[in-house]
$ cat data.cif   # mmCIF, C-alpha atoms
data_model
loop_
_atom_site.label_atom_id
_atom_site.label_comp_id
_atom_site.auth_asym_id
_atom_site.auth_seq_id
_atom_site.Cartn_x
_atom_site.Cartn_y
_atom_site.Cartn_z
CA MET A 1 44.38 72.58 70.10
CA THR A 2 41.56 72.51 72.63
CA ARG A 3 42.30 71.61 76.25
CA PRO A 4 40.17 68.40 76.20
CA LEU A 5 41.89 67.10 73.07
CA ARG A 6 45.29 68.05 74.43
CA ALA A 7 44.61 66.15 77.62
CA ALA A 8 43.34 63.14 75.67
CA ILE A 9 46.49 63.04 73.55
CA LEU A 10 48.68 63.11 76.64
CA VAL A 11 46.69 60.34 78.33
CA ILE A 12 46.75 58.13 75.22
CA ALA A 13 50.42 58.82 74.57
CA LEU A 14 51.58 58.06 78.09
CA GLY A 15 49.26 55.20 78.91
CA ALA A 16 46.70 54.76 81.63
CA GLY A 17 49.33 54.75 84.37
CA GLY A 18 50.38 58.35 83.77
CA LEU A 19 53.79 59.62 84.76
CA GLY A 20 53.58 59.43 88.51
CA VAL A 21 54.19 62.30 90.90
CA SER A 22 57.72 61.78 92.26
CA GLY A 23 60.56 63.94 90.95
CA CYS A 24 63.24 62.57 88.61
CA THR A 25 66.87 63.61 88.61
CA THR A 26 68.20 61.97 85.44
CA ALA A 27 66.82 60.68 82.15
CA SER A 28 67.26 57.11 83.37
CA ASP A 29 64.97 57.95 86.30
CA LEU A 30 62.06 58.86 84.07
CA PRO A 31 59.00 56.66 84.64
CA GLY A 32 58.52 53.68 82.37
CA SER A 33 55.51 55.33 80.75
CA ALA A 34 57.74 58.16 79.48
CA ARG A 35 60.27 55.73 78.04
CA ALA A 36 57.43 53.71 76.53
CA TRP A 37 56.19 56.84 74.75
CA ILE A 38 59.47 57.57 72.97
CA GLU A 39 59.98 53.88 72.18
CA GLY A 40 56.42 53.34 70.93
CA PRO A 41 54.88 54.17 67.52
CA VAL A 42 55.63 57.87 67.98
CA ARG A 43 59.26 56.95 67.31
CA TRP A 44 58.41 57.18 63.60
CA LEU A 45 57.65 60.90 64.00
CA VAL A 46 60.37 61.85 66.46
CA LEU A 47 63.28 63.63 64.81
CA PRO A 48 66.86 62.83 65.93
CA GLU A 49 67.29 66.22 67.55
CA GLU A 50 64.02 65.73 69.46
CA ALA A 51 65.15 62.31 70.67
CA ARG A 52 68.37 63.83 72.01
CA ARG A 53 66.42 66.52 73.82
CA PHE A 54 64.00 63.96 75.26
CA ARG A 55 66.84 61.93 76.74
CA ARG A 56 67.96 65.02 78.67
CA LEU A 57 64.58 65.52 80.39
CA SER A 58 64.66 65.04 84.14
CA SER A 59 61.08 65.31 85.42
CA HIS A 60 57.54 64.28 84.62
CA ALA A 61 56.60 67.95 84.13
CA GLU A 62 59.29 68.34 81.45
CA VAL A 63 58.06 65.19 79.71
CA LEU A 64 54.47 66.46 79.63
CA ARG A 65 55.60 69.82 78.29
CA PHE A 66 57.74 68.10 75.65
CA ILE A 67 54.83 65.96 74.43
CA GLU A 68 52.46 68.92 74.27
CA GLU A 69 54.98 70.97 72.25
CA PHE A 70 55.71 67.91 70.09
CA TRP A 71 52.10 67.72 68.88
CA GLN A 72 51.75 71.49 68.64
CA ARG A 73 54.61 71.51 66.10
CA ARG A 74 52.65 68.95 64.09
CA ASP A 75 49.29 70.71 64.17
CA PRO A 76 48.68 71.86 60.56
CA ASP A 77 46.34 74.66 61.71
CA PRO A 78 46.82 75.65 65.36
CA GLU A 79 44.13 78.33 65.05
CA THR A 80 41.38 75.72 64.71
CA PRO A 81 40.18 73.22 67.34
CA GLY A 82 41.75 69.78 67.38
CA ASN A 83 44.84 68.36 65.73
CA PRO A 84 43.91 66.31 62.64
CA LEU A 85 47.43 64.93 62.25
CA ALA A 86 47.47 63.56 65.81
CA GLN A 87 44.03 62.05 65.34
CA LEU A 88 45.06 60.43 62.04
CA PHE A 89 48.26 59.15 63.63
CA PHE A 90 46.41 57.34 66.42
CA GLU A 91 43.89 55.88 63.98
CA ARG A 92 46.67 54.51 61.78
CA VAL A 93 48.53 53.11 64.80
CA GLN A 94 45.40 51.21 65.78
CA ALA A 95 45.01 49.87 62.23
CA ALA A 96 48.67 48.82 62.03
CA ASP A 97 48.40 47.02 65.37
CA LEU A 98 45.41 45.06 64.09
CA LEU A 99 46.99 44.22 60.73
CA TYR A 100 50.62 43.45 61.48
CA SER A 101 51.01 42.36 65.11
CA GLY A 102 52.47 38.93 65.71
CA GLU A 103 54.97 36.91 67.78
CA GLY A 104 55.15 39.52 70.51
CA VAL A 105 55.79 42.44 68.13
CA ARG A 106 53.35 45.33 68.03
CA GLY A 107 52.11 45.88 64.47
CA SER A 108 52.74 49.62 64.48
CA LEU A 109 56.41 48.97 65.33
CA THR A 110 57.02 46.78 62.28
CA ASP A 111 58.31 48.15 58.97
CA ARG A 112 54.92 47.82 57.32
CA GLY A 113 53.29 49.38 60.36
CA ARG A 114 55.67 52.33 60.18
CA THR A 115 54.83 52.86 56.52
CA LEU A 116 51.11 52.69 57.15
CA VAL A 117 51.39 55.16 60.02
CA LEU A 118 53.38 57.68 57.98
CA LEU A 119 51.87 57.27 54.52
CA GLY A 120 48.52 55.57 54.94
CA SER A 121 47.22 52.83 52.69
CA PRO A 122 48.92 52.55 49.28
CA SER A 123 46.92 52.99 46.11
CA LEU A 124 48.93 50.15 44.56
CA LEU A 125 49.87 46.84 46.16
CA ARG A 126 51.65 44.14 44.24
CA TYR A 127 54.00 41.23 44.77
CA THR A 128 56.98 40.15 42.73
CA GLN A 129 60.02 37.95 43.04
CA ARG A 130 63.68 38.75 42.56
CA SER A 131 66.94 36.82 42.71
CA ALA A 132 69.13 37.38 45.74
CA PRO A 133 72.49 35.81 46.66
CA THR A 134 72.78 33.45 49.61
CA TRP A 135 75.89 32.70 51.64
CA GLN A 136 77.33 29.79 53.57
CA PRO A 137 79.28 30.30 56.82
CA GLY A 138 83.07 30.40 56.88
CA GLY A 139 85.39 31.06 54.01
CA VAL A 140 86.95 34.36 53.09
CA ARG A 141 85.53 37.45 54.79
CA GLY A 142 83.04 35.50 56.82
CA GLY A 143 81.30 33.67 54.00
CA ARG A 144 81.18 33.06 50.29
CA PRO A 145 78.37 33.21 47.75
CA ARG A 146 76.74 29.83 47.39
CA ALA A 147 73.81 30.39 45.05
CA THR A 148 70.91 32.67 44.33
CA GLU A 149 67.37 32.21 45.47
CA ARG A 150 64.08 33.87 44.66
CA VAL A 151 62.81 36.24 47.34
CA ARG A 152 59.28 37.59 47.57
CA ILE A 153 58.98 41.37 47.30
CA GLU A 154 55.97 43.35 48.50
CA VAL A 155 55.55 46.71 46.75
CA TRP A 156 53.47 49.62 48.06
CA GLY A 157 52.90 52.36 45.48
CA TYR A 158 51.74 55.93 46.18
CA GLU A 159 50.44 58.69 43.94
CA ALA A 160 50.37 62.36 44.86
CA ALA A 161 46.60 62.03 45.29
CA ASP A 162 47.17 59.57 48.15
CA LEU A 163 48.61 62.31 50.39
CA PRO A 164 47.30 65.70 51.56
CA GLU A 165 48.13 68.50 49.13
CA PRO A 166 50.22 70.54 51.63
CA LEU A 167 52.33 67.46 52.38
CA VAL A 168 52.77 66.71 48.67
CA ALA A 169 53.95 70.27 48.05
CA ARG A 170 56.50 70.10 50.87
CA LEU A 171 57.78 66.74 49.71
CA GLU A 172 58.16 67.99 46.15
CA GLU A 173 60.15 70.97 47.49
CA ARG A 174 62.48 68.41 49.06
CA GLY A 175 62.95 66.57 45.77
CA VAL A 176 60.48 63.69 46.25
CA GLN A 177 59.01 62.60 42.92
CA PHE A 178 55.57 61.05 42.46
CA PRO A 179 54.59 58.31 42.05
CA PHE A 180 56.97 56.45 44.34
CA GLU A 181 57.24 52.94 45.73
CA VAL A 182 58.18 51.43 49.08
CA LEU A 183 59.57 47.88 48.93
CA PHE A 184 59.59 45.12 51.52
CA VAL A 185 61.17 41.67 51.36
CA GLU A 186 59.65 38.71 53.13
CA GLU A 187 62.10 36.92 55.43
CA GLY A 188 60.34 34.03 57.10
CA ARG A 189 57.42 35.54 58.98
CA ALA A 190 58.93 39.02 58.94
CA THR A 191 58.54 41.66 56.25
CA ILE A 192 61.56 43.96 56.09
CA LEU A 193 61.80 47.40 54.50
CA VAL A 194 64.45 47.36 51.78
CA SER A 195 63.66 50.55 49.84
CA GLY A 196 62.05 53.77 51.03
CA GLU A 197 63.84 54.51 54.31
CA GLU A 198 64.92 58.00 53.22
CA LEU A 199 61.41 58.80 52.04
CA LEU A 200 59.87 57.81 55.38
CA GLU A 201 62.42 59.97 57.20
CA GLU A 202 61.47 62.85 54.89
CA ILE A 203 57.79 62.34 55.70
CA ALA A 204 58.55 62.61 59.42
CA ARG A 205 60.25 65.96 58.84
CA ALA A 206 57.67 67.25 56.39
CA VAL A 207 54.79 67.04 58.86
CA VAL A 208 56.54 69.41 61.29
CA ARG A 209 55.05 72.85 60.99
CA GLU A 210 57.69 75.44 60.27
CA ALA A 211 58.18 78.06 62.98
CA GLU A 212 56.44 81.32 62.25
#
$ encode --input "data.cif" --output "structure tokens"
Amino acid sequence: MTRPLRAAILVIALGAGGLGVSGCTTASDLPGSARAWIEGPVRWLVLPEEARRFRRLSSHAEVLRFIEEFWQRRDPDPETPGNPLAQLFFERVQAADLLYSGEGVRGSLTDRGRTLVLLGSPSLLRYTQRSAPTWQPGGVRGGRPRATERVRIEVWGYEAADLPEPLVARLEERGVQFPFEVLFVEEGRATILVSGEELLEEIARAVVREAE
């Protein structure tokens, strides 16, 4: 990764305000821009073990080093200039923010935004309806079935050709079968992921370059 691109990634990731210059003694003392980074769209790429390590950081210098190493691990070819995965990530975040933002929620932090950021646009998009039980308050165990209603399902379908070949190969090694679908259910104005969580978690791991 070239120095200019590396600097640009850090500036974009941390926001215009930067990290400040004062020292920090605990994770809770980290500047808001550092917390905003881990809580922003990058959350979809951060692995659980990385999140635990991030919470133990105690200075702005450690945060900067963490972010630089974070993207280095996700550079598919560190011997060439730039980081195409980082560039694609930021482009998809921008698209998700434009498409799915609403009612104070950033589009890239929604379930559909997460899917777009990790998988890109689906080659198949369709809608269907299914029956789902509804409940009324009270009764045994906090409620009892009252009836069924039709819920609207949004289906995103992906073929192997929709993803980069190296990523397809790594997913297939992990048992992912193509084509696959990601399902969302519409609940009022929200669209909630109901099928595909494990796949998205697998994508986040698959883009990490294995240590040499």
$ atom_distance --input "data.cif" --atom1 "atom CA of Phe184 of chain A" --atom2 "atom CA of Ala36 of chain A"
26.5 Å
$ residues_around --input "data.cif" --residues "Ala161 of chain A" --least-positions-apart "6" --cutoff "10 Å" --atoms "all atoms listed in the file" --output "PyMOL selection string"
chain A and resi 123+168+178-179
$ write_last_selection --input "data.cif" --atoms "C-alpha atoms" --output "PDB file, in the coordinates of the input"
ATOM      1  CA  SER A 123      46.920  52.990  46.110  1.00  0.00           C
ATOM      2  CA  VAL A 168      52.770  66.710  48.670  1.00  0.00           C
ATOM      3  CA  PHE A 178      55.570  61.050  42.460  1.00  0.00           C
ATOM      4  CA  PRO A 179      54.590  58.310  42.050  1.00  0.00           C
TER       5      PRO A 179
END
$ residues_near_point --input "data.cif" --point "(65.7, 34.2, 57.0)" --cutoff "12 Å" --atoms "all atoms listed in the file" --output "PyMOL selection string"
chain A and resi 134-135+149+151-152+185-192
$ write_last_selection --input "data.cif" --atoms "C-alpha atoms" --output "PDB file, keeping the file's coordinate frame"
ATOM      1  CA  THR A 134      72.780  33.450  49.610  1.00  0.00           C
ATOM      2  CA  TRP A 135      75.890  32.700  51.640  1.00  0.00           C
ATOM      3  CA  GLU A 149      67.370  32.210  45.470  1.00  0.00           C
ATOM      4  CA  VAL A 151      62.810  36.240  47.340  1.00  0.00           C
ATOM      5  CA  ARG A 152      59.280  37.590  47.570  1.00  0.00           C
ATOM      6  CA  VAL A 185      61.170  41.670  51.360  1.00  0.00           C
ATOM      7  CA  GLU A 186      59.650  38.710  53.130  1.00  0.00           C
ATOM      8  CA  GLU A 187      62.100  36.920  55.430  1.00  0.00           C
ATOM      9  CA  GLY A 188      60.340  34.030  57.100  1.00  0.00           C
ATOM     10  CA  ARG A 189      57.420  35.540  58.980  1.00  0.00           C
ATOM     11  CA  ALA A 190      58.930  39.020  58.940  1.00  0.00           C
ATOM     12  CA  THR A 191      58.540  41.660  56.250  1.00  0.00           C
ATOM     13  CA  ILE A 192      61.560  43.960  56.090  1.00  0.00           C
TER      14      ILE A 192
END
$ closest_residue --input "data.cif" --among "A:Ser58, A:Tyr100, A:Glu201, A:Phe70" --to "Ile38 of chain A" --atoms "all atoms listed in the file"
A:Phe70
$ atom_distance --input "data.cif" --atom1 "atom CA of Glu50 of chain A" --atom2 "atom CA of Gly32 of chain A"
18.5 Å
$ closest_residue --input "data.cif" --among "A:Val93, A:Leu183, A:Leu125, A:Leu99" --to "Arg43 of chain A" --atoms "only C-alpha atoms"
A:Val93
$ resolve_selection --input "data.cif" --expression "the PyMOL selection byres ((chain A and resi 45) around 12)" --output "JSON, numbers by chain"
{"A": [37, 38, 39, 40, 41, 42, 43, 44, 46, 47, 48, 49, 50, 51, 67, 70, 71, 73, 74, 85, 86, 89, 114, 115, 117, 118, 119, 200, 201, 202, 203, 204, 205, 206, 207, 208]}
$ closest_residue --input "data.cif" --among "A:Glu165, A:Ser131, A:Gly157, A:Pro78" --to "Leu116 of chain A" --atoms "only C-alpha atoms"
A:Gly157
$ atom_distance --input "data.cif" --atom1 "atom CA of Gly196 of chain A" --atom2 "atom CA of Glu69 of chain A"
28.2 Å
$ closest_residue --input "data.cif" --among "A:Leu167, A:Leu124, A:Ser101, A:Arg209" --to "Pro76 of chain A" --atoms "all atoms listed in the file"
A:Arg209
